[in-house]
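Source file: run.pdb; contents: PDB, C-alpha atoms.
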MODEL        1
ATOM      1  CA  MET A   1      25.569 141.031 194.185
ATOM      2  CA  GLY A   2      25.770 139.780 190.612
ATOM      3  CA  THR A   3      28.406 139.911 187.898
ATOM      4  CA  VAL A   4      28.259 142.012 184.739
ATOM      5  CA  TYR A   5      29.873 140.554 181.631
ATOM      6  CA  PHE A   6      30.780 142.925 178.808
ATOM      7  CA  VAL A   7      30.570 140.612 175.819
ATOM      8  CA  GLY A   8      31.796 141.482 172.338
ATOM      9  CA  ALA A   9      29.237 140.112 169.888
ATOM     10  CA  GLY A  10      31.633 140.360 166.974
ATOM     11  CA  SER A  11      30.902 142.254 163.808
ATOM     12  CA  GLY A  12      27.795 141.005 161.996
ATOM     13  CA  ASP A  13      28.321 137.332 161.226
ATOM     14  CA  PRO A  14      26.926 135.503 164.306
ATOM     15  CA  GLU A  15      29.697 132.895 164.102
ATOM     16  CA  LEU A  16      32.248 135.564 164.962
ATOM     17  CA  LEU A  17      31.068 135.326 168.568
ATOM     18  CA  THR A  18      33.736 133.719 170.759
ATOM     19  CA  LEU A  19      33.161 130.440 172.600
ATOM     20  CA  LYS A  20      33.370 132.272 175.911
ATOM     21  CA  GLY A  21      30.866 134.843 174.702
ATOM     22  CA  LYS A  22      28.472 132.053 173.720
ATOM     23  CA  ARG A  23      28.802 130.378 177.136
ATOM     24  CA  VAL A  24      28.134 133.614 179.005
ATOM     25  CA  ILE A  25      25.088 134.482 176.878
ATOM     26  CA  GLU A  26      23.665 131.007 177.478
ATOM     27  CA  SER A  27      23.935 131.504 181.249
ATOM     28  CA  ALA A  28      22.705 135.111 181.390
ATOM     29  CA  ASP A  29      19.704 136.156 183.482
ATOM     30  CA  VAL A  30      19.429 139.494 181.694
ATOM     31  CA  ILE A  31      20.917 140.659 178.385
ATOM     32  CA  ILE A  32      21.297 144.372 177.640
ATOM     33  CA  TYR A  33      22.014 144.566 173.918
ATOM     34  CA  ASP A  34      22.991 147.314 171.485
ATOM     35  CA  ARG A  35      21.587 148.221 168.060
ATOM     36  CA  LEU A  36      24.604 146.910 166.132
ATOM     37  CA  VAL A  37      24.416 143.486 167.787
ATOM     38  CA  ASN A  38      23.055 140.781 165.502
ATOM     39  CA  PRO A  39      19.880 139.889 167.465
ATOM     40  CA  VAL A  40      19.905 136.245 166.327
ATOM     41  CA  LEU A  41      22.469 135.838 169.123
ATOM     42  CA  LEU A  42      19.578 136.202 171.563
ATOM     43  CA  TYR A  43      18.393 132.779 170.405
ATOM     44  CA  LEU A  44      21.256 131.409 172.512
ATOM     45  CA  ALA A  45      19.653 132.740 175.715
ATOM     46  CA  LYS A  46      17.923 130.493 178.213
ATOM     47  CA  ASP A  47      14.121 130.603 178.447
ATOM     48  CA  SER A  48      14.074 132.702 181.621
ATOM     49  CA  ALA A  49      16.481 135.412 180.443
ATOM     50  CA  ARG A  50      15.231 138.995 180.109
ATOM     51  CA  PHE A  51      16.114 141.235 177.154
ATOM     52  CA  ILE A  52      16.667 144.990 177.409
ATOM     53  CA  TYR A  53      17.300 147.041 174.264
ATOM     54  CA  SER A  54      19.773 149.900 174.654
ATOM     55  CA  GLY A  55      20.255 150.707 170.976
ATOM     56  CA  LYS A  56      21.699 154.010 169.875
ATOM     57  CA  TYR A  57      20.822 155.693 166.611
ATOM     58  CA  PRO A  58      22.777 158.728 165.380
ATOM     59  CA  LYS A  59      21.436 161.711 167.355
ATOM     60  CA  ASN A  60      18.593 159.563 168.756
ATOM     61  CA  HIS A  61      19.652 157.389 171.693
ATOM     62  CA  VAL A  62      17.036 154.927 172.976
ATOM     63  CA  LEU A  63      18.916 154.894 176.273
ATOM     64  CA  LYS A  64      21.425 157.652 176.901
ATOM     65  CA  GLN A  65      24.792 156.619 178.315
ATOM     66  CA  LYS A  66      23.964 157.872 181.804
ATOM     67  CA  SER A  67      20.768 155.790 181.795
ATOM     68  CA  ILE A  68      22.684 152.720 180.623
ATOM     69  CA  ASN A  69      25.165 153.173 183.464
ATOM     70  CA  GLN A  70      22.313 153.394 185.969
ATOM     71  CA  LEU A  71      20.699 150.302 184.463
ATOM     72  CA  LEU A  72      23.929 148.319 184.825
ATOM     73  CA  VAL A  73      24.139 149.306 188.485
ATOM     74  CA  LYS A  74      20.515 148.374 189.126
ATOM     75  CA  GLU A  75      20.825 144.960 187.464
ATOM     76  CA  GLY A  76      24.333 144.351 188.807
ATOM     77  CA  HIS A  77      23.211 144.831 192.404
ATOM     78  CA  GLN A  78      20.958 141.795 192.080
ATOM     79  CA  ASN A  79      22.169 138.223 192.490
ATOM     80  CA  GLN A  80      22.236 137.403 188.782
ATOM     81  CA  THR A  81      24.383 137.171 185.670
ATOM     82  CA  VAL A  82      24.123 140.310 183.548
ATOM     83  CA  VAL A  83      25.407 140.420 179.969
ATOM     84  CA  ARG A  84      26.075 143.770 178.333
ATOM     85  CA  LEU A  85      26.155 142.650 174.701
ATOM     86  CA  LYS A  86      28.047 145.063 172.478
ATOM     87  CA  GLY A  87      28.788 144.989 168.763
ATOM     88  CA  GLY A  88      32.373 144.233 167.765
ATOM     89  CA  ASP A  89      34.786 144.452 170.696
ATOM     90  CA  PRO A  90      33.659 146.256 173.893
ATOM     91  CA  GLY A  91      37.059 147.880 174.364
ATOM     92  CA  ILE A  92      37.249 149.453 170.903
ATOM     93  CA  PHE A  93      35.014 152.527 170.673
ATOM     94  CA  GLY A  94      32.430 150.729 172.815
ATOM     95  CA  ARG A  95      32.453 153.108 175.807
ATOM     96  CA  VAL A  96      33.246 150.166 178.053
ATOM     97  CA  GLY A  97      35.633 152.318 180.089
ATOM     98  CA  GLU A  98      32.831 154.607 181.223
ATOM     99  CA  GLU A  99      30.591 151.686 182.150
ATOM    100  CA  ILE A 100      33.376 149.913 184.053
ATOM    101  CA  GLU A 101      34.069 153.039 186.107
ATOM    102  CA  THR A 102      30.421 153.108 187.157
ATOM    103  CA  LEU A 103      30.496 149.470 188.271
ATOM    104  CA  GLN A 104      33.779 149.935 190.116
ATOM    105  CA  SER A 105      32.345 152.876 192.056
ATOM    106  CA  GLU A 106      29.502 150.592 193.199
ATOM    107  CA  GLY A 107      31.716 147.614 194.011
ATOM    108  CA  ILE A 108      30.032 145.436 191.364
ATOM    109  CA  SER A 109      32.176 142.699 189.841
ATOM    110  CA  TYR A 110      32.582 142.486 186.081
ATOM    111  CA  GLU A 111      34.422 140.682 183.318
ATOM    112  CA  ILE A 112      35.232 141.667 179.747
ATOM    113  CA  VAL A 113      34.893 139.130 176.943
ATOM    114  CA  PRO A 114      36.669 140.497 173.843
ATOM    115  CA  GLY A 115      35.037 140.300 170.431
ATOM    116  CA  VAL A 116      36.067 140.513 166.788
ATOM    117  CA  THR A 117      36.197 144.221 165.992
ATOM    118  CA  ALA A 118      34.925 145.773 162.759
ATOM    119  CA  ALA A 119      38.415 146.462 161.421
ATOM    120  CA  SER A 120      39.329 142.757 161.495
ATOM    121  CA  ALA A 121      35.953 141.461 160.341
ATOM    122  CA  ALA A 122      35.130 143.958 157.594
ATOM    123  CA  SER A 123      38.620 143.873 156.087
ATOM    124  CA  SER A 124      38.832 140.070 156.139
ATOM    125  CA  TYR A 125      35.352 139.647 154.631
ATOM    126  CA  SER A 126      36.311 142.122 151.894
ATOM    127  CA  GLY A 127      39.566 140.400 150.997
ATOM    128  CA  ILE A 128      41.805 143.138 152.410
ATOM    129  CA  PRO A 129      44.718 142.265 154.730
ATOM    130  CA  LEU A 130      45.385 145.050 157.221
ATOM    131  CA  THR A 131      49.112 144.310 157.173
ATOM    132  CA  HIS A 132      51.323 143.267 154.291
ATOM    133  CA  ARG A 133      55.092 142.839 154.045
ATOM    134  CA  GLU A 134      55.263 145.184 151.065
ATOM    135  CA  TYR A 135      52.599 147.752 151.968
ATOM    136  CA  SER A 136      51.886 147.990 155.677
ATOM    137  CA  SER A 137      53.845 147.315 158.860
ATOM    138  CA  LYS A 138      51.404 149.082 161.193
ATOM    139  CA  VAL A 139      47.657 149.455 161.707
ATOM    140  CA  THR A 140      45.855 152.334 163.385
ATOM    141  CA  LEU A 141      42.270 152.129 164.643
ATOM    142  CA  ALA A 142      40.724 155.572 164.899
ATOM    143  CA  THR A 143      37.336 157.206 165.076
ATOM    144  CA  ALA A 144      36.407 159.983 162.683
ATOM    145  CA  HIS A 145      34.505 161.675 165.537
ATOM    146  CA  ARG A 146      37.484 163.416 167.096
ATOM    147  CA  GLN A 147      37.536 165.773 170.043
ATOM    148  CA  VAL A 148      37.830 169.510 169.329
ATOM    149  CA  GLY A 149      41.440 170.364 168.578
ATOM    150  CA  GLU A 150      42.501 166.719 168.239
ATOM    151  CA  THR A 151      44.535 165.853 165.153
ATOM    152  CA  ILE A 152      45.690 162.618 163.558
ATOM    153  CA  ASP A 153      49.047 162.216 161.835
ATOM    154  CA  PHE A 154      47.516 160.825 158.662
ATOM    155  CA  LYS A 155      50.735 161.194 156.696
ATOM    156  CA  GLY A 156      52.869 159.322 159.201
ATOM    157  CA  LEU A 157      50.303 156.606 159.787
ATOM    158  CA  THR A 158      49.675 155.905 156.095
ATOM    159  CA  ASP A 159      53.364 155.762 155.176
ATOM    160  CA  ASN A 160      53.826 151.984 155.055
ATOM    161  CA  GLY A 161      50.739 151.720 157.247
ATOM    162  CA  THR A 162      46.966 151.317 157.325
ATOM    163  CA  ILE A 163      44.310 153.466 158.999
ATOM    164  CA  CYS A 164      40.869 152.056 159.859
ATOM    165  CA  LEU A 165      38.352 154.819 160.510
ATOM    166  CA  TYR A 166      35.290 153.807 162.496
ATOM    167  CA  MET A 167      32.021 155.691 161.973
ATOM    168  CA  GLY A 168      33.758 157.639 159.242
ATOM    169  CA  VAL A 169      31.100 158.227 156.588
ATOM    170  CA  GLU A 170      29.458 161.118 158.388
ATOM    171  CA  LYS A 171      32.802 162.950 158.656
ATOM    172  CA  VAL A 172      34.282 161.926 155.302
ATOM    173  CA  GLU A 173      34.584 165.486 153.958
ATOM    174  CA  SER A 174      36.682 166.713 156.878
ATOM    175  CA  THR A 175      38.705 163.488 156.798
ATOM    176  CA  GLN A 176      39.535 163.911 153.125
ATOM    177  CA  LYS A 177      40.493 167.547 153.748
ATOM    178  CA  LYS A 178      42.902 166.547 156.528
ATOM    179  CA  LEU A 179      44.440 163.790 154.414
ATOM    180  CA  LEU A 180      45.155 166.143 151.537
ATOM    181  CA  GLU A 181      46.371 168.945 153.808
ATOM    182  CA  GLN A 182      48.955 166.533 155.239
ATOM    183  CA  ASN A 183      50.180 165.671 151.731
ATOM    184  CA  VAL A 184      48.817 162.146 151.732
ATOM    185  CA  SER A 185      48.768 161.057 148.088
ATOM    186  CA  PRO A 186      45.357 161.715 146.474
ATOM    187  CA  LYS A 187      45.875 158.404 144.677
ATOM    188  CA  LEU A 188      46.226 156.377 147.898
ATOM    189  CA  PRO A 189      43.654 153.526 147.823
ATOM    190  CA  VAL A 190      40.607 153.660 150.064
ATOM    191  CA  ALA A 191      37.945 151.036 150.836
ATOM    192  CA  ILE A 192      34.565 151.774 152.382
ATOM    193  CA  ILE A 193      32.774 148.730 153.834
ATOM    194  CA  GLU A 194      29.127 148.992 154.861
ATOM    195  CA  TRP A 195      27.606 146.343 157.185
ATOM    196  CA  GLY A 196      30.837 144.329 157.216
ATOM    197  CA  SER A 197      30.588 140.504 157.509
ATOM    198  CA  LEU A 198      26.806 140.406 157.004
ATOM    199  CA  GLY A 199      25.144 139.187 153.838
ATOM    200  CA  ARG A 200      24.168 142.799 153.123
ATOM    201  CA  GLN A 201      27.839 143.837 153.122
ATOM    202  CA  HIS A 202      28.673 146.453 150.503
ATOM    203  CA  THR A 203      32.309 147.190 149.703
ATOM    204  CA  ILE A 204      33.514 149.934 147.390
ATOM    205  CA  THR A 205      37.046 151.025 146.557
ATOM    206  CA  ALA A 206      38.220 154.494 145.630
ATOM    207  CA  THR A 207      41.125 156.830 146.320
ATOM    208  CA  VAL A 208      41.603 159.662 148.764
ATOM    209  CA  GLN A 209      40.662 162.024 145.927
ATOM    210  CA  THR A 210      37.491 160.175 144.881
ATOM    211  CA  MET A 211      36.226 158.788 148.192
ATOM    212  CA  ILE A 212      33.492 161.394 148.738
ATOM    213  CA  ASP A 213      32.033 160.957 145.255
ATOM    214  CA  ALA A 214      32.141 157.162 145.622
ATOM    215  CA  ILE A 215      30.281 157.246 148.943
ATOM    216  CA  ASN A 216      27.622 159.585 147.567
ATOM    217  CA  GLU A 217      27.163 157.640 144.328
ATOM    218  CA  GLN A 218      26.770 154.323 146.155
ATOM    219  CA  HIS A 219      24.642 155.833 148.964
ATOM    220  CA  ILE A 220      26.890 154.355 151.658
ATOM    221  CA  GLN A 221      25.735 155.008 155.224
ATOM    222  CA  ASN A 222      26.871 154.049 158.716
ATOM    223  CA  PRO A 223      27.670 151.541 160.044
ATOM    224  CA  ALA A 224      30.614 151.633 157.692
ATOM    225  CA  LEU A 225      34.375 151.302 158.058
ATOM    226  CA  ILE A 226      36.850 153.307 155.986
ATOM    227  CA  ILE A 227      40.244 151.716 155.301
ATOM    228  CA  VAL A 228      43.020 153.968 153.989
ATOM    229  CA  GLY A 229      46.258 152.439 152.753
ATOM    230  CA  GLU A 230      48.036 150.532 150.004
ATOM    231  CA  VAL A 231      46.655 147.241 151.382
ATOM    232  CA  VAL A 232      43.329 148.118 149.734
ATOM    233  CA  SER A 233      44.962 147.362 146.375
ATOM    234  CA  CYS A 234      45.073 143.683 147.424
ATOM    235  CA  ARG A 235      41.317 143.482 146.821
ATOM    236  CA  GLU A 236      40.697 142.363 143.260
ATOM    237  CA  GLY A 237      37.072 141.938 142.209
ATOM    238  CA  ALA A 238      34.661 139.963 144.365
ATOM    239  CA  ASP A 239      36.226 138.569 147.535
ATOM    240  CA  TRP A 240      35.693 135.103 149.046
ATOM    241  CA  PHE A 241      32.661 136.203 151.073
ATOM    242  CA  GLU A 242      30.898 137.812 148.127
ATOM    243  CA  GLN A 243      31.312 134.588 146.143
ATOM    244  CA  LEU A 244      29.365 132.460 148.625
ATOM    245  CA  PRO A 245      26.182 131.073 147.019
ATOM    246  CA  LEU A 246      23.675 133.065 149.106
ATOM    247  CA  PHE A 247      25.619 136.319 149.449
ATOM    248  CA  GLY A 248      23.332 139.305 148.953
ATOM    249  CA  HIS A 249      20.200 137.323 149.753
ATOM    250  CA  LYS A 250      18.162 138.905 152.551
ATOM    251  CA  MET A 251      16.236 136.002 154.012
ATOM    252  CA  LEU A 252      13.595 135.915 156.730
ATOM    253  CA  LEU A 253      13.030 132.494 158.303
ATOM    254  CA  MET A 254       9.577 131.818 159.757
ATOM    255  CA  ASP A 255       8.258 128.932 161.831
ATOM    256  CA  THR A 256       5.646 128.166 164.466
ATOM    257  CA  GLU A 257       8.306 126.241 166.404
ATOM    258  CA  THR A 258      11.397 127.649 168.080
ATOM    259  CA  ILE A 259      14.029 128.186 165.398
ATOM    260  CA  ASP A 260      17.301 126.560 166.366
ATOM    261  CA  PHE A 261      20.436 128.728 166.291
ATOM    262  CA  GLU A 262      22.218 126.091 164.216
ATOM    263  CA  THR A 263      19.466 126.309 161.588
ATOM    264  CA  ILE A 264      20.155 130.025 161.212
ATOM    265  CA  LEU A 265      23.852 129.312 160.734
ATOM    266  CA  THR A 266      23.196 126.977 157.793
ATOM    267  CA  TYR A 267      22.116 130.099 155.891
ATOM    268  CA  THR A 268      24.714 132.581 157.182
ATOM    269  CA  GLN A 269      27.487 130.099 156.369
ATOM    270  CA  GLN A 270      26.444 130.435 152.737
ATOM    271  CA  GLY A 271      26.651 134.219 152.875
ATOM    272  CA  ALA A 272      22.999 135.127 153.422
ATOM    273  CA  ASP A 273      21.760 138.008 155.541
ATOM    274  CA  VAL A 274      19.347 136.140 157.811
ATOM    275  CA  TYR A 275      16.830 136.849 160.515
ATOM    276  CA  ALA A 276      14.479 134.336 162.114
ATOM    277  CA  ILE A 277      11.007 134.684 163.625
ATOM    278  CA  GLN A 278       8.750 132.318 165.490
ATOM    279  CA  VAL A 279       5.055 133.210 165.083
ATOM    280  CA  GLY A 280       1.783 131.912 166.513
ATOM    281  CA  GLU A 281       0.286 131.611 169.987
ATOM    282  CA  GLU A 282       3.101 129.350 171.207
ATOM    283  CA  ARG A 283       5.817 131.828 170.216
ATOM    284  CA  ASP A 284       8.396 133.111 172.684
ATOM    285  CA  LYS A 285       6.843 136.510 173.428
ATOM    286  CA  ARG A 286      10.123 137.920 174.764
ATOM    287  CA  PHE A 287      11.101 138.371 171.142
ATOM    288  CA  ASP A 288       8.073 140.445 170.102
ATOM    289  CA  GLU A 289       9.819 143.766 170.742
ATOM    290  CA  VAL A 290      13.134 142.431 169.410
ATOM    291  CA  HIS A 291      11.479 141.477 166.126
ATOM    292  CA  LYS A 292       9.545 144.721 165.819
ATOM    293  CA  GLN A 293      12.666 146.807 166.359
ATOM    294  CA  TYR A 294      14.821 144.841 163.939
ATOM    295  CA  LEU A 295      12.246 144.548 161.157
ATOM    296  CA  ASN A 296      11.569 148.277 161.319
ATOM    297  CA  ASP A 297      15.275 148.841 160.667
ATOM    298  CA  HIS A 298      15.954 146.112 158.095
ATOM    299  CA  TYR A 299      14.090 144.776 155.090
ATOM    300  CA  PHE A 300      14.190 141.122 153.987
ATOM    301  CA  ASP A 301      12.948 140.363 150.493
ATOM    302  CA  GLU A 302      12.904 136.553 150.713
ATOM    303  CA  VAL A 303      10.728 134.637 153.179
ATOM    304  CA  VAL A 304      11.578 131.023 153.965
ATOM    305  CA  TYR A 305       8.588 129.221 155.484
ATOM    306  CA  LEU A 306       9.957 126.442 157.679
ATOM    307  CA  ASP A 307       6.305 125.672 158.424
ATOM    308  CA  PRO A 308       4.554 125.457 154.994
ATOM    309  CA  ASN A 309       1.192 126.377 156.540
ATOM    310  CA  LEU A 310       2.454 129.912 157.102
ATOM    311  CA  THR A 311       2.446 130.664 153.383
ATOM    312  CA  MET A 312      -1.267 131.413 153.571
ATOM    313  CA  MET A 313      -0.916 133.760 156.573
ATOM    314  CA  TYR A 314       2.182 135.842 155.851
ATOM    315  CA  LYS A 315       3.099 136.991 152.368
ATOM    316  CA  ASN A 316       5.920 139.356 153.282
ATOM    317  CA  GLN A 317       7.649 141.266 156.053
ATOM    318  CA  ARG A 318       4.909 143.910 156.186
ATOM    319  CA  ASP A 319       2.341 141.246 157.119
ATOM    320  CA  ILE A 320       4.457 140.262 160.121
ATOM    321  CA  LEU A 321       4.690 143.832 161.417
ATOM    322  CA  ASP A 322       0.971 144.402 160.906
ATOM    323  CA  LYS A 323      -0.014 141.240 162.798
TER     324      LYS A 323
ENDMDL
END
Target encoding structure tokens, full file:
Amino acid sequence: MGTVYFVGAGSGDPELLTLKGKRVIESADVIIYDRLVNPVLLYLAKDSARFIYSGKYPKNHVLKQKSINQLLVKEGHQNQTVVRLKGGDPGIFGRVGEEIETLQSEGISYEIVPGVTAASAASSYSGIPLTHREYSSKVTLATAHRQVGETIDFKGLTDNGTICLYMGVEKVESTQKKLLEQNVSPKLPVAIIEWGSLGRQHTITATVQTMIDAINEQHIQNPALIIVGEVVSCREGADWFEQLPLFGHKMLLMDTETIDFETILTYTQQGADVYAIQVGEERDKRFDEVHKQYLNDHYFDEVVYLDPNLTMMYKNQRDILDK
């Protein structure tokens, strides 16, 4: 019988992974990873580790939750270390409770390794403190996808408080309606943060009254976090992350040799949105499907050739997908 580790990958920036999370990934025999996990973390895996993609798109789940539960049981019954790599923190809207129940029913041992959740990461990387002595003495983490009949006390929670709404863009119209119905001030500041803590992060500020128009005008989509509260007024202009020299640069690193994880970090530490690919006959073929999946979802407009000879073979991201 093996052990299943539920590891929080953090929110975007690969350095937000905890030291324990890094150690467990490095020792894993199989890694089951989600769509919102930064896949450069897989470069930490040992050469013999297997990768299984369990990504979920809105209304289009690659693996449905029941199938994921069955997969965890199948892998957990073997004498190996299994890592269930989840974006953010597994215990915050990560369905870890359902997966734990399945393992418990089968007598499979598990551990949970917390991660940096989107509320902490996105707010910090946008220059917004979730608490403030003058504005906010409490923080509420909530999902906009509420059960039928469930209500949130928006008025009580925003009075000297902050609400962080996960997966809120899709339900922003009903959220705004509830806020106004509960007499929350239409002038209360709101921040919407798309792809928090990655170099593609996009932060906009508005008010309860203008939040829908702002989201539509800026074409904001999930994954995005909505922060409602006076603390949003603490953001003034570009924040520390947006002032890093490579912020906003979408960079694809290419080499014929294995690309070291630390090399990737030299770019992310400067604010870039980075992905790395090894090409050629000697490449690690485990990553073929990982690369295909990620590059179909994300576009990188700058290619950095760590091997200069590749400039003649690959001109852009499309060339990589075609070959």
Worksheet item: When you draw a straight line from CA of Ala224 (chain A) to CA of His298 (chain A), how long is it in Å?
Response: 15.7 Å
Discussion item. Can you pull out the residues contacting Ser137 (chain A)? Cut-off 7 Å, using all atoms listed in the file, and skip same-chain residues under 6 positions away; I want them as a ChimeraX atom specification.
Written reply: /A:131,160-161
Worksheet, complete the sentence: Counting all atoms listed in the file, the residue among A:Ile25, A:Ala206, A:Val40, A:Ile32 that lies closest to Ile264 (chain A) is A:Val40
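Once the PyMOL selection byres ((chain A and resi 126) around 9) is applied to this file, the selection holds Ala121, Ala122, Ser123, Ser124, Tyr125, Gly127, Ile128, Pro129, Ile193, Gly196, Ser197, Gln201, His202, Thr203, Arg235, Ala238, Asp239, Trp240, Phe241 and Glu242 of chain A.
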Worksheet, complete the sentence: Here CA of Pro14 (chain A) and CA of Ile220 (chain A) stand apart by 22.7 Å
Worksheet item: Separation of CA of Asp260 (chain A) and CA of Leu198 (chain A), in Å?
Response: 19.2 Å
